$ cat upload_14.cif   # mmCIF, C-alpha atoms
data_start
loop_
_atom_site.label_atom_id
_atom_site.label_comp_id
_atom_site.auth_asym_id
_atom_site.auth_seq_id
_atom_site.Cartn_x
_atom_site.Cartn_y
_atom_site.Cartn_z
CA MET A 996 23.80 4.85 -4.61
CA ALA A 997 22.58 6.92 -7.60
CA SER A 998 23.67 5.68 -10.99
CA PHE A 999 26.23 7.55 -13.14
CA LYS A 1000 23.41 8.56 -15.51
CA THR A 1001 21.39 10.15 -12.74
CA LEU A 1002 24.43 12.07 -11.48
CA ILE A 1003 25.15 13.41 -14.96
CA LEU A 1004 21.53 14.52 -15.44
CA GLY A 1005 21.67 16.31 -12.10
CA THR A 1006 24.90 18.06 -13.07
CA LEU A 1007 23.30 19.26 -16.29
CA GLY A 1008 20.28 20.54 -14.40
CA LEU A 1009 17.93 18.01 -16.00
CA ALA A 1010 16.98 16.21 -12.79
CA THR A 1011 16.87 19.03 -10.29
CA GLU A 1012 16.05 18.64 -6.63
CA VAL A 1013 12.34 18.85 -5.88
CA PHE A 1014 11.43 20.61 -2.65
CA GLY A 1015 8.11 18.93 -2.06
CA ALA A 1016 5.76 17.84 -4.85
CA ASN A 1017 2.37 16.31 -4.30
CA LEU A 1018 0.72 13.39 -6.05
CA LEU A 1019 -2.56 11.54 -5.66
CA ALA A 1020 -3.09 7.84 -6.22
CA ALA A 1021 -6.46 6.07 -6.21
CA HIS A 1022 -6.83 2.42 -5.32
CA TYR A 1023 -9.63 -0.07 -5.94
CA THR A 1024 -9.96 -0.64 -2.20
CA GLY A 1025 -11.88 2.66 -2.13
CA LYS A 1026 -9.11 5.00 -0.95
CA ILE A 1027 -7.32 8.02 -2.42
CA PHE A 1028 -3.75 8.44 -1.16
CA SER A 1029 -1.92 11.78 -0.87
CA LEU A 1030 1.77 11.30 -1.62
CA SER A 1031 4.79 13.59 -1.21
CA TYR A 1032 7.90 13.44 -3.39
CA THR A 1033 11.04 15.31 -2.34
CA GLY A 1034 14.69 15.43 -3.28
CA GLY A 1035 16.26 13.93 -6.37
CA GLY A 1036 18.76 11.27 -7.41
CA LYS A 1037 19.93 9.20 -4.45
CA ASN A 1038 18.17 11.62 -2.08
CA ALA A 1039 14.70 11.20 -3.59
CA THR A 1040 11.90 10.10 -1.27
CA LEU A 1041 8.26 9.26 -1.90
CA VAL A 1042 5.98 8.85 1.11
CA ASN A 1043 2.30 8.37 1.80
CA LYS A 1044 1.07 11.34 3.85
CA SER A 1045 -2.64 10.54 4.23
CA SER A 1046 -5.64 8.82 2.67
CA ILE A 1047 -9.35 9.45 2.32
CA GLY A 1048 -12.45 7.58 1.14
CA GLY A 1049 -15.77 8.93 -0.08
CA CYS A 1050 -15.58 7.98 -3.77
CA GLY A 1051 -17.36 4.65 -3.56
CA THR A 1052 -15.86 1.19 -3.72
CA LEU A 1053 -13.89 1.48 -6.97
CA PRO A 1054 -12.41 4.97 -7.50
CA ALA A 1055 -11.28 4.66 -11.12
CA TRP A 1056 -10.16 8.12 -12.20
CA LEU A 1057 -8.95 11.38 -10.64
CA GLN A 1058 -9.25 14.65 -12.55
CA VAL A 1059 -7.41 17.67 -11.12
CA SER A 1060 -8.80 21.12 -11.93
CA ALA A 1061 -6.63 23.54 -13.91
CA ASP A 1062 -5.82 25.56 -10.79
CA ALA A 1063 -5.01 22.38 -8.81
CA THR A 1064 -7.42 23.29 -6.01
CA THR A 1065 -10.09 20.67 -6.72
CA VAL A 1066 -10.04 16.98 -7.56
CA TYR A 1067 -12.95 15.06 -9.07
CA CYS A 1068 -13.24 11.30 -8.61
CA VAL A 1069 -15.42 8.80 -10.48
CA ASP A 1070 -16.54 5.45 -9.10
CA GLU A 1071 -16.52 2.32 -11.29
CA ASP A 1072 -18.78 0.32 -8.97
CA TRP A 1073 -20.48 -2.39 -11.03
CA ASN A 1074 -23.45 -3.06 -8.75
CA GLY A 1075 -25.74 -0.34 -10.07
CA SER A 1076 -24.94 2.39 -7.53
CA GLY A 1077 -21.82 4.53 -7.60
CA LEU A 1078 -20.53 7.92 -6.51
CA LEU A 1079 -19.14 11.03 -8.13
CA ALA A 1080 -17.10 13.04 -5.62
CA SER A 1081 -15.20 16.33 -5.33
CA TYR A 1082 -12.38 17.26 -2.95
CA SER A 1083 -10.46 20.40 -2.11
CA VAL A 1084 -6.67 20.10 -2.12
CA GLY A 1085 -4.68 21.41 0.84
CA PRO A 1086 -1.18 22.94 0.57
CA ASP A 1087 0.32 19.61 1.62
CA GLY A 1088 -1.73 17.68 -0.95
CA SER A 1089 -4.24 16.34 1.57
CA LEU A 1090 -7.86 16.10 0.48
CA LYS A 1091 -11.11 17.25 2.05
CA GLN A 1092 -14.38 16.12 0.53
CA THR A 1093 -16.53 19.02 -0.66
CA GLY A 1094 -19.35 17.20 -2.42
CA LYS A 1095 -20.68 13.91 -3.74
CA ALA A 1096 -23.55 12.66 -5.86
CA LEU A 1097 -25.12 9.28 -6.43
CA THR A 1098 -24.66 7.69 -9.85
CA SER A 1099 -25.54 4.38 -11.46
CA GLY A 1100 -21.86 3.36 -11.28
CA ALA A 1101 -19.67 1.83 -14.00
CA SER A 1102 -17.96 5.20 -14.66
CA VAL A 1103 -14.35 4.93 -15.84
CA HIS A 1104 -13.44 8.58 -16.57
CA GLY A 1105 -14.69 12.11 -16.06
CA SER A 1106 -13.89 15.74 -16.88
CA PRO A 1107 -15.35 19.06 -15.69
CA PHE A 1108 -16.39 21.51 -18.42
CA GLY A 1109 -18.43 24.62 -19.18
CA LYS A 1110 -18.80 27.86 -17.22
CA GLY A 1111 -19.65 28.06 -13.55
CA ASN A 1112 -18.52 28.98 -10.08
CA ASP A 1113 -17.00 25.62 -9.14
CA ASP A 1114 -13.31 26.26 -9.95
CA GLY A 1115 -14.49 27.95 -13.13
CA TYR A 1116 -16.39 24.85 -14.26
CA GLY A 1117 -20.16 24.49 -14.26
CA PHE A 1118 -20.60 20.83 -15.19
CA ILE A 1119 -18.90 17.44 -15.26
CA ALA A 1120 -19.10 14.65 -17.85
CA THR A 1121 -18.53 10.97 -17.06
CA VAL A 1122 -18.47 7.89 -19.28
CA GLN A 1123 -19.78 4.42 -18.48
CA TYR A 1124 -17.95 1.56 -20.20
CA ASP A 1125 -20.45 -1.32 -20.25
CA PRO A 1126 -23.68 0.75 -20.20
CA SER A 1127 -22.32 2.59 -23.29
CA THR A 1128 -23.31 5.99 -21.97
CA LEU A 1129 -22.06 9.55 -21.50
CA THR A 1130 -23.62 11.29 -18.49
CA THR A 1131 -23.38 14.91 -17.36
CA TYR A 1132 -24.14 16.63 -14.04
CA LYS A 1133 -24.28 20.23 -12.86
CA LEU A 1134 -21.65 21.40 -10.37
CA PRO A 1135 -21.22 21.69 -7.44
CA LEU A 1136 -22.01 18.11 -6.46
CA SER A 1137 -24.44 17.36 -3.65
CA ASN A 1138 -26.86 14.73 -2.40
CA SER A 1139 -29.55 16.39 -4.51
CA THR A 1140 -27.53 16.35 -7.74
CA LYS A 1141 -29.48 14.87 -10.66
CA ILE A 1142 -28.46 13.77 -14.13
CA LEU A 1143 -28.37 16.72 -16.53
CA GLN A 1144 -27.98 14.73 -19.75
CA LYS A 1145 -27.47 11.06 -20.61
CA LEU A 1146 -26.50 9.93 -24.09
CA LYS A 1147 -26.75 6.25 -25.00
CA PHE A 1148 -24.47 4.98 -27.77
CA ASN A 1149 -25.36 2.19 -30.18
CA MET A 1150 -23.71 0.07 -32.88
CA THR A 1151 -25.25 -1.63 -35.90
CA GLU A 1152 -22.85 -4.59 -35.72
CA PRO A 1153 -19.97 -5.84 -33.55
CA GLY A 1154 -16.39 -4.86 -34.26
CA PRO A 1155 -13.62 -7.30 -35.28
CA ASN A 1156 -12.34 -7.76 -31.73
CA SER A 1157 -14.36 -9.93 -29.32
CA ARG A 1158 -14.41 -7.02 -26.83
CA GLN A 1159 -16.18 -4.83 -29.40
CA ASN A 1160 -19.63 -6.29 -28.81
CA ALA A 1161 -21.03 -2.85 -27.96
CA PRO A 1162 -19.89 0.77 -27.71
CA HIS A 1163 -17.44 1.16 -24.83
CA PRO A 1164 -16.67 4.86 -24.16
CA HIS A 1165 -13.44 5.01 -22.17
CA ALA A 1166 -12.78 8.72 -21.56
CA SER A 1167 -14.39 12.15 -21.68
CA GLN A 1168 -11.76 14.80 -22.39
CA LEU A 1169 -11.88 18.53 -23.09
CA ASP A 1170 -10.17 19.95 -26.14
CA PRO A 1171 -7.68 22.80 -25.45
CA THR A 1172 -10.27 25.50 -26.27
CA GLY A 1173 -12.83 24.11 -23.83
CA ARG A 1174 -15.47 24.22 -26.56
CA TYR A 1175 -15.57 20.52 -27.35
CA LEU A 1176 -15.56 17.20 -25.55
CA ILE A 1177 -14.07 14.06 -27.09
CA VAL A 1178 -15.00 10.51 -26.10
CA PRO A 1179 -12.72 7.72 -27.35
CA ASP A 1180 -14.95 4.68 -27.87
CA LEU A 1181 -13.07 1.38 -27.60
CA GLY A 1182 -16.04 -0.69 -28.78
CA ALA A 1183 -17.11 1.39 -31.77
CA ASP A 1184 -13.63 2.43 -33.01
CA LEU A 1185 -14.66 6.09 -32.88
CA ILE A 1186 -13.48 9.34 -31.37
CA ARG A 1187 -16.87 10.82 -30.56
CA ILE A 1188 -17.01 14.62 -30.59
CA PHE A 1189 -19.48 16.91 -28.82
CA SER A 1190 -19.84 20.68 -28.97
CA ILE A 1191 -20.43 22.32 -25.59
CA ASP A 1192 -22.95 24.95 -24.63
CA ALA A 1193 -20.85 26.49 -21.88
CA GLU A 1194 -23.82 28.20 -20.20
CA THR A 1195 -26.29 25.29 -20.06
CA GLY A 1196 -23.88 22.34 -20.17
CA SER A 1197 -25.78 20.83 -23.10
CA LEU A 1198 -23.73 18.58 -25.41
CA THR A 1199 -24.46 18.24 -29.13
CA ALA A 1200 -23.01 15.35 -31.13
CA CYS A 1201 -20.71 16.11 -34.06
CA GLU A 1202 -19.39 13.81 -36.78
CA PRO A 1203 -16.95 11.44 -35.01
CA GLY A 1204 -13.38 10.67 -35.98
CA LYS A 1205 -13.06 7.13 -37.32
CA ALA A 1206 -10.29 4.82 -36.11
CA ASP A 1207 -9.28 1.68 -37.96
CA PRO A 1208 -11.36 -1.44 -37.28
CA GLY A 1209 -10.12 -3.21 -34.17
CA ASP A 1210 -8.03 -0.28 -32.88
CA GLY A 1211 -10.10 0.22 -29.72
CA PRO A 1212 -9.19 3.85 -28.88
CA ARG A 1213 -8.97 4.42 -25.12
CA HIS A 1214 -7.57 7.88 -24.21
CA GLY A 1215 -6.25 10.96 -26.01
CA ALA A 1216 -3.62 13.70 -25.57
CA TRP A 1217 -3.42 17.08 -27.32
CA TRP A 1218 -0.35 18.80 -28.81
CA ALA A 1219 0.31 22.01 -30.73
CA PRO A 1220 3.62 23.49 -31.94
CA HIS A 1221 2.86 26.80 -30.26
CA SER A 1222 1.39 27.10 -26.78
CA GLY A 1223 -2.00 28.80 -26.66
CA SER A 1224 -2.64 28.37 -30.40
CA THR A 1225 -4.71 25.78 -32.26
CA ILE A 1226 -2.66 26.19 -35.44
CA GLY A 1227 -1.06 22.85 -36.27
CA GLN A 1228 -2.84 21.16 -33.38
CA ARG A 1229 -2.89 17.38 -33.19
CA LEU A 1230 -4.69 14.76 -31.17
CA TYR A 1231 -2.87 11.54 -30.30
CA THR A 1232 -4.86 8.54 -29.16
CA VAL A 1233 -3.75 5.29 -27.57
CA ASN A 1234 -5.45 2.21 -28.99
CA GLU A 1235 -5.89 -0.47 -26.35
CA LEU A 1236 -6.88 -3.32 -28.65
CA GLY A 1237 -4.49 -2.46 -31.47
CA ASN A 1238 -1.50 -1.82 -29.15
CA SER A 1239 -0.84 1.36 -31.07
CA VAL A 1240 -1.04 5.16 -31.05
CA SER A 1241 -2.68 7.29 -33.74
CA ALA A 1242 -2.14 10.90 -34.85
CA TRP A 1243 -5.09 13.06 -35.90
CA THR A 1244 -5.21 16.48 -37.54
CA VAL A 1245 -7.61 18.87 -35.82
CA THR A 1246 -9.70 21.43 -37.68
CA TYR A 1247 -11.64 24.27 -36.04
CA PRO A 1248 -14.13 25.77 -38.52
CA ASP A 1249 -15.42 29.29 -38.06
CA ASP A 1250 -18.87 27.83 -37.57
CA GLY A 1251 -19.76 24.26 -36.68
CA CYS A 1252 -17.93 21.31 -35.18
CA LEU A 1253 -14.34 20.37 -34.55
CA THR A 1254 -13.26 17.69 -37.03
CA LEU A 1255 -10.62 14.97 -36.76
CA LYS A 1256 -8.75 13.16 -39.53
CA LYS A 1257 -6.46 10.25 -38.73
CA THR A 1258 -3.08 10.57 -40.46
CA GLN A 1259 -0.82 7.99 -38.84
CA THR A 1260 -0.78 4.92 -36.61
CA LEU A 1261 2.33 3.39 -35.01
CA ALA A 1262 2.67 0.36 -32.76
CA THR A 1263 3.52 0.80 -29.08
CA TYR A 1264 6.49 -1.47 -29.76
CA ALA A 1265 9.56 -1.09 -31.93
CA GLU A 1266 9.31 -2.19 -35.54
CA GLY A 1267 9.43 -5.96 -35.79
CA VAL A 1268 8.48 -6.54 -32.14
CA LYS A 1269 5.23 -8.43 -31.69
CA PRO A 1270 3.10 -7.52 -28.65
CA PRO A 1271 2.97 -10.42 -26.18
CA ASN A 1272 -0.34 -12.20 -25.74
CA GLY A 1273 -2.50 -10.42 -23.18
CA SER A 1274 -0.70 -7.07 -23.47
CA LYS A 1275 -2.87 -3.95 -23.68
CA ALA A 1276 -1.92 -0.33 -24.33
CA ALA A 1277 -3.33 1.86 -21.57
CA GLU A 1278 -2.51 5.55 -21.37
CA VAL A 1279 -1.06 8.37 -23.45
CA HIS A 1280 0.48 11.75 -22.57
CA VAL A 1281 2.41 14.54 -24.26
CA SER A 1282 5.27 16.54 -22.76
CA GLY A 1283 7.05 19.06 -24.96
CA ASN A 1284 7.55 17.54 -28.39
CA PHE A 1285 7.36 13.95 -27.17
CA LEU A 1286 4.56 11.42 -26.86
CA TYR A 1287 4.41 8.56 -24.36
CA ALA A 1288 2.24 5.45 -24.10
CA ALA A 1289 2.02 2.70 -21.49
CA ASN A 1290 1.93 -1.01 -22.23
CA ARG A 1291 0.30 -3.34 -19.73
CA ALA A 1292 1.27 -6.97 -19.13
CA ASP A 1293 4.08 -7.16 -21.69
CA GLU A 1294 6.87 -7.72 -19.11
CA THR A 1295 9.36 -6.43 -21.67
CA PHE A 1296 11.91 -5.65 -18.97
CA GLY A 1297 11.51 -8.82 -16.94
CA PRO A 1298 8.89 -10.38 -14.67
CA GLN A 1299 6.30 -7.81 -13.54
CA ASN A 1300 8.15 -4.94 -15.29
CA ASP A 1301 6.19 -3.62 -18.27
CA SER A 1302 7.18 -0.92 -20.76
CA LEU A 1303 6.64 2.74 -21.66
CA ALA A 1304 6.90 3.76 -25.31
CA THR A 1305 8.47 7.09 -26.31
CA TYR A 1306 7.93 8.91 -29.63
CA SER A 1307 9.24 12.22 -30.94
CA ILE A 1308 6.83 14.71 -32.52
CA ASP A 1309 7.91 16.60 -35.63
CA VAL A 1310 7.22 20.28 -34.87
CA ASP A 1311 6.35 21.06 -38.51
CA SER A 1312 4.10 18.12 -39.40
CA GLY A 1313 3.00 16.67 -36.06
CA GLU A 1314 4.16 13.27 -37.32
CA ILE A 1315 5.40 10.90 -34.64
CA LYS A 1316 8.50 8.70 -34.76
CA TRP A 1317 9.49 5.80 -32.52
CA VAL A 1318 12.29 6.63 -30.07
CA GLU A 1319 12.56 3.80 -27.56
CA ALA A 1320 10.95 1.54 -24.99
CA SER A 1321 11.77 2.08 -21.32
CA PRO A 1322 10.99 0.12 -18.16
CA ALA A 1323 7.79 1.19 -16.41
CA HIS A 1324 9.04 -0.17 -13.08
CA ALA A 1325 5.47 -1.39 -12.62
CA TRP A 1326 3.25 -4.31 -13.56
CA PHE A 1327 0.15 -3.37 -15.54
CA PRO A 1328 0.79 0.41 -15.69
CA ARG A 1329 -2.80 1.59 -16.05
CA SER A 1330 -1.88 5.22 -15.45
CA PHE A 1331 1.06 7.61 -15.62
CA SER A 1332 1.52 11.36 -15.22
CA ILE A 1333 4.29 13.81 -16.18
CA ASN A 1334 5.03 16.84 -14.01
CA LYS A 1335 4.77 20.35 -15.49
CA ALA A 1336 8.53 20.82 -15.57
CA GLY A 1337 8.82 17.66 -17.64
CA THR A 1338 11.56 16.27 -15.41
CA LEU A 1339 9.61 13.51 -13.66
CA LEU A 1340 7.21 10.79 -14.76
CA ALA A 1341 5.04 9.01 -12.19
CA VAL A 1342 3.77 5.53 -13.09
CA GLY A 1343 0.83 3.85 -11.40
CA GLY A 1344 1.17 0.07 -11.54
CA GLN A 1345 -2.27 -1.51 -11.20
CA THR A 1346 -1.36 -5.13 -10.49
CA SER A 1347 1.90 -4.26 -8.69
CA SER A 1348 -0.02 -1.51 -6.84
CA ASN A 1349 2.94 0.87 -6.74
CA VAL A 1350 3.84 4.40 -7.73
CA ALA A 1351 7.23 4.70 -9.43
CA ILE A 1352 8.94 8.04 -10.06
CA ILE A 1353 11.21 8.04 -13.13
CA ALA A 1354 13.64 10.76 -14.24
CA ARG A 1355 12.91 12.40 -17.60
CA ASP A 1356 15.18 14.51 -19.81
CA PRO A 1357 13.03 17.38 -21.21
CA GLU A 1358 15.48 17.97 -24.07
CA THR A 1359 15.73 14.43 -25.47
CA GLY A 1360 12.45 13.14 -24.08
CA LYS A 1361 14.22 10.01 -22.86
CA LEU A 1362 13.35 8.41 -19.55
CA GLY A 1363 16.12 7.72 -17.05
CA ASP A 1364 16.57 6.10 -13.68
CA LEU A 1365 14.01 4.99 -11.16
CA LEU A 1366 14.20 7.68 -8.47
CA ALA A 1367 11.60 6.44 -5.98
CA ASN A 1368 9.10 3.63 -5.61
CA LEU A 1369 6.24 3.24 -3.14
CA PRO A 1370 3.83 0.32 -2.64
CA ILE A 1371 0.21 1.44 -2.20
CA ALA A 1372 -2.34 -0.64 -0.25
CA THR A 1373 -2.67 -4.21 -1.55
CA PRO A 1374 -1.43 -5.66 -4.88
CA GLY A 1375 -3.94 -6.45 -7.60
CA THR A 1376 -4.71 -9.65 -9.46
CA PRO A 1377 -3.37 -10.03 -13.02
CA GLN A 1378 -5.93 -8.93 -15.66
CA GLN A 1379 -8.52 -8.07 -12.99
CA GLU A 1380 -10.09 -4.77 -11.87
CA ASP A 1381 -8.30 -4.37 -8.55
CA GLY A 1382 -5.07 -2.80 -7.34
CA LEU A 1383 -4.07 0.80 -8.07
CA SER A 1384 -6.27 2.66 -10.58
CA THR A 1385 -4.64 6.03 -11.26
CA VAL A 1386 -1.89 8.45 -10.28
CA VAL A 1387 -1.60 12.19 -10.97
CA TRP A 1388 0.66 15.12 -10.03
CA VAL A 1389 -1.06 17.98 -8.21
CA GLU A 1390 0.63 21.23 -9.22
#

$ encode --input "upload_14.cif" --output "structure tokens"
Amino acid sequence: MASFKTLILGTLGLATEVFGANLLAAHYTGKIFSLSYTGGGKNATLVNKSSIGGCGTLPAWLQVSADATTVYCVDEDWNGSGLLASYSVGPDGSLKQTGKALTSGASVHGSPFGKGNDDGYGFIATVQYDPSTLTTYKLPLSNSTKILQKLKFNMTEPGPNSRQNAPHPHASQLDPTGRYLIVPDLGADLIRIFSIDAETGSLTACEPGKADPGDGPRHGAWWAPHSGSTIGQRLYTVNELGNSVSAWTVTYPDDGCLTLKKTQTLATYAEGVKPPNGSKAAEVHVSGNFLYAANRADETFGPQNDSLATYSIDVDSGEIKWVEASPAHAWFPRSFSINKAGTLLAVGGQTSSNVAIIARDPETGKLGDLLANLPIATPGTPQQEDGLSTVVWVE
């Protein structure tokens, strides 16, 4: 039976019925699963409709194109040979492979960019964690695809954390204008910035944003007070090693590179709460004027139930403020995704290997009841690279 809170949200129109929404979940067994969510409250259902391979042995990240017609998948295979794959998305969320290219593996994230005919994109950038590289390819992908550009990162000395023995780029993400690519580097405590030649796909390094020593930035999320404008824009990063999130001002000069300046860092836990040993912040997203971050392996809400942190964003300053911690309904939530309406949050539990759908109030930003939960393939092993890797809405 639905809880009183869920019924009230539904009455207020904050948790409306969903007449078929599609999600994708990748798993380290080599499969991508097409999921369907319908209903709401006590009538919500989440089912696995189909699955497909073709993205190597360890599909680590799924990137959906802006028009939701194409999905790109990167393979984290550690044995020196991986895949980069593309898929078309059917009306029911099912996937059909449209291209693939051989890589050297170890890729953990990727984003299409630049001008072209492939869903408007001409190129794709991927990052390799242990090789400390950023690699680009021309689209569309095929068996004859070759590396367009490979940038190798270096450090003069190790960072303060034992995991900072070398640069470890963890994401390649477009800025809202499509003119720049950012690469959070967990090992070097940098937000690397590259300007994009949209015609050729060439990337040129800019002066990076500097995180605090030991932060270990992992992913980023953009926010601006007015949609479609860069005025007042901010970047928020999640710091895996520091168990924190940081706010950055963003400056777009008339000529030259985007610049970042860090203005604030808050823990992914309430003031006075110490992160448990072994916990690691994982992912960050913005919806409306709220910021969310996932904590892995903290079990704040009981055995195998980690937490999601919620912050409010001040519309005038971009400053963030702690709101609350909520149950992730997952163990080791490596990934989460918020639907466009802002009413639902999907969590991908890596070790628990589940997708949990949680109600969200767009007005207060607070997370509500667990609406649906679905096990995917086989559970993972604590602190290991297996289980479910990522989940994303397709809309």

$ resolve_selection --input "upload_14.cif" --expression "the PyMOL selection byres ((chain A and resi 1120) around 6)" --output "MDAnalysis selection string"
chainID A and resid 1105:1106 1119 1121 1130:1131

$ resolve_selection --input "upload_14.cif" --expression "the PyMOL selection byres ((chain A and resi 1075) around 8)" --output "PDB file with C-alpha atoms, keeping the file's coordinate frame"
ATOM      1  CA  ASP A1072     -18.780   0.320  -8.970  1.00  0.00           C
ATOM      2  CA  TRP A1073     -20.480  -2.390 -11.030  1.00  0.00           C
ATOM      3  CA  ASN A1074     -23.450  -3.060  -8.750  1.00  0.00           C
ATOM      4  CA  SER A1076     -24.940   2.390  -7.530  1.00  0.00           C
ATOM      5  CA  GLY A1077     -21.820   4.530  -7.600  1.00  0.00           C
ATOM      6  CA  SER A1099     -25.540   4.380 -11.460  1.00  0.00           C
ATOM      7  CA  GLY A1100     -21.860   3.360 -11.280  1.00  0.00           C
ATOM      8  CA  ALA A1101     -19.670   1.830 -14.000  1.00  0.00           C
TER       9      ALA A1101
END

$ atom_distance --input "upload_14.cif" --atom1 "atom CA of Ala1372 of chain A" --atom2 "atom CA of Val1103 of chain A"
20.5 Å

$ closest_residue --input "upload_14.cif" --among "A:Lys1361, A:Lys1110, A:Lys1091, A:Arg1187" --to "Ser1307 of chain A" --atoms "only C-alpha atoms"
A:Lys1361

$ closest_atom_pairs --input "upload_14.cif" --of "segment 1324-1349 of chain A" --to "segment 1212-1236 of chain A" --cutoff "12 Å" --atoms "all atoms listed in the file" --output "tab-separated table"
residue	atom	partner	partner_atom	distance
A:Arg1329	CA	A:Glu1235	CA	10.9
A:Ser1330	CA	A:His1214	CA	10.8
A:Ser1332	CA	A:Ala1216	CA	11.8

$ write_last_selection --input "upload_14.cif" --atoms "C-alpha atoms" --output "PDB file, in the coordinates of the input"
ATOM      1  CA  ARG A1329      -2.800   1.590 -16.050  1.00  0.00           C
ATOM      2  CA  SER A1330      -1.880   5.220 -15.450  1.00  0.00           C
ATOM      3  CA  SER A1332       1.520  11.360 -15.220  1.00  0.00           C
TER       4      SER A1332
END

$ closest_residue --input "upload_14.cif" --among "A:Tyr1023, A:Trp1388, A:His1165, A:Gly1196" --to "Ala1063 of chain A" --atoms "all atoms listed in the file"
A:Trp1388

$ residues_near_point --input "upload_14.cif" --point "(1.6, 2.3, -9.1)" --cutoff "9 Å" --atoms "all atoms listed in the file" --output "PyMOL selection string"
chain A and resi 1020+1324-1331+1341-1351+1368-1371+1382-1386

$ residues_near_point --input "upload_14.cif" --point "(-14.1, 17.3, -1.0)" --cutoff "9 Å" --atoms "all atoms listed in the file" --output "MDAnalysis selection string"
chainID A and resid 1049 1065:1067 1080:1084 1090:1095

$ closest_atom_pairs --input "upload_14.cif" --of "segment 1173-1241 of chain A" --to "segment 1255-1263 of chain A" --cutoff "9 Å" --atoms "all atoms listed in the file" --output "JSON lines"
{"residue": "A:Ile1186", "atom": "CA", "partner": "A:Leu1255", "partner_atom": "CA", "distance": 8.3}
{"residue": "A:Ile1188", "atom": "CA", "partner": "A:Leu1255", "partner_atom": "CA", "distance": 8.9}
{"residue": "A:Glu1202", "atom": "CA", "partner": "A:Leu1255", "partner_atom": "CA", "distance": 8.8}
{"residue": "A:Pro1203", "atom": "CA", "partner": "A:Leu1255", "partner_atom": "CA", "distance": 7.5}
{"residue": "A:Gly1204", "atom": "CA", "partner": "A:Leu1255", "partner_atom": "CA", "distance": 5.2}
{"residue": "A:Lys1205", "atom": "CA", "partner": "A:Lys1257", "partner_atom": "CA", "distance": 7.4}
{"residue": "A:Ala1206", "atom": "CA", "partner": "A:Lys1257", "partner_atom": "CA", "distance": 7.1}
{"residue": "A:Arg1229", "atom": "CA", "partner": "A:Leu1255", "partner_atom": "CA", "distance": 8.8}
{"residue": "A:Leu1230", "atom": "CA", "partner": "A:Leu1255", "partner_atom": "CA", "distance": 8.2}
{"residue": "A:Val1233", "atom": "CA", "partner": "A:Thr1263", "partner_atom": "CA", "distance": 8.7}
{"residue": "A:Gly1237", "atom": "CA", "partner": "A:Ala1262", "partner_atom": "CA", "distance": 7.8}
{"residue": "A:Asn1238", "atom": "CA", "partner": "A:Thr1263", "partner_atom": "CA", "distance": 5.7}
{"residue": "A:Ser1239", "atom": "CA", "partner": "A:Ala1262", "partner_atom": "CA", "distance": 4.0}
{"residue": "A:Val1240", "atom": "CA", "partner": "A:Leu1261", "partner_atom": "CA", "distance": 5.5}
{"residue": "A:Ser1241", "atom": "CA", "partner": "A:Thr1260", "partner_atom": "CA", "distance": 4.2}

$ write_last_selection --input "upload_14.cif" --atoms "C-alpha atoms" --output "short mmCIF file (atom, residue, chain, number, x, y, z; two decimals), keeping the file's coordinate frame"
data_model
loop_
_atom_site.label_atom_id
_atom_site.label_comp_id
_atom_site.auth_asym_id
_atom_site.auth_seq_id
_atom_site.Cartn_x
_atom_site.Cartn_y
_atom_site.Cartn_z
CA ILE A 1186 -13.48 9.34 -31.37
CA ILE A 1188 -17.01 14.62 -30.59
CA GLU A 1202 -19.39 13.81 -36.78
CA PRO A 1203 -16.95 11.44 -35.01
CA GLY A 1204 -13.38 10.67 -35.98
CA LYS A 1205 -13.06 7.13 -37.32
CA ALA A 1206 -10.29 4.82 -36.11
CA ARG A 1229 -2.89 17.38 -33.19
CA LEU A 1230 -4.69 14.76 -31.17
CA VAL A 1233 -3.75 5.29 -27.57
CA GLY A 1237 -4.49 -2.46 -31.47
CA ASN A 1238 -1.50 -1.82 -29.15
CA SER A 1239 -0.84 1.36 -31.07
CA VAL A 1240 -1.04 5.16 -31.05
CA SER A 1241 -2.68 7.29 -33.74
#

$ axis_aligned_box --input "upload_14.cif" --around "segment 1217-1232 of chain A" --padding-each-side "3 Å" --output "JSON"
{"center_x": -0.6, "center_y": 18.7, "center_z": -31.5, "size_x": 14.5, "size_y": 26.3, "size_z": 15.6}

$ closest_residue --input "upload_14.cif" --among "A:Phe1108, A:Asn1160, A:Ser1046, A:Pro1322" --to "Ile1177 of chain A" --atoms "only C-alpha atoms"
A:Phe1108

$ closest_residue --input "upload_14.cif" --among "A:Pro1271, A:Ala1336, A:Thr1140, A:Gln1299" --to "Gly1375 of chain A" --atoms "all atoms listed in the file"
A:Gln1299

$ closest_residue --input "upload_14.cif" --among "A:Glu1380, A:Asp1184, A:Asp1364, A:Asp1249" --to "Thr1052 of chain A" --atoms "only C-alpha atoms"
A:Glu1380
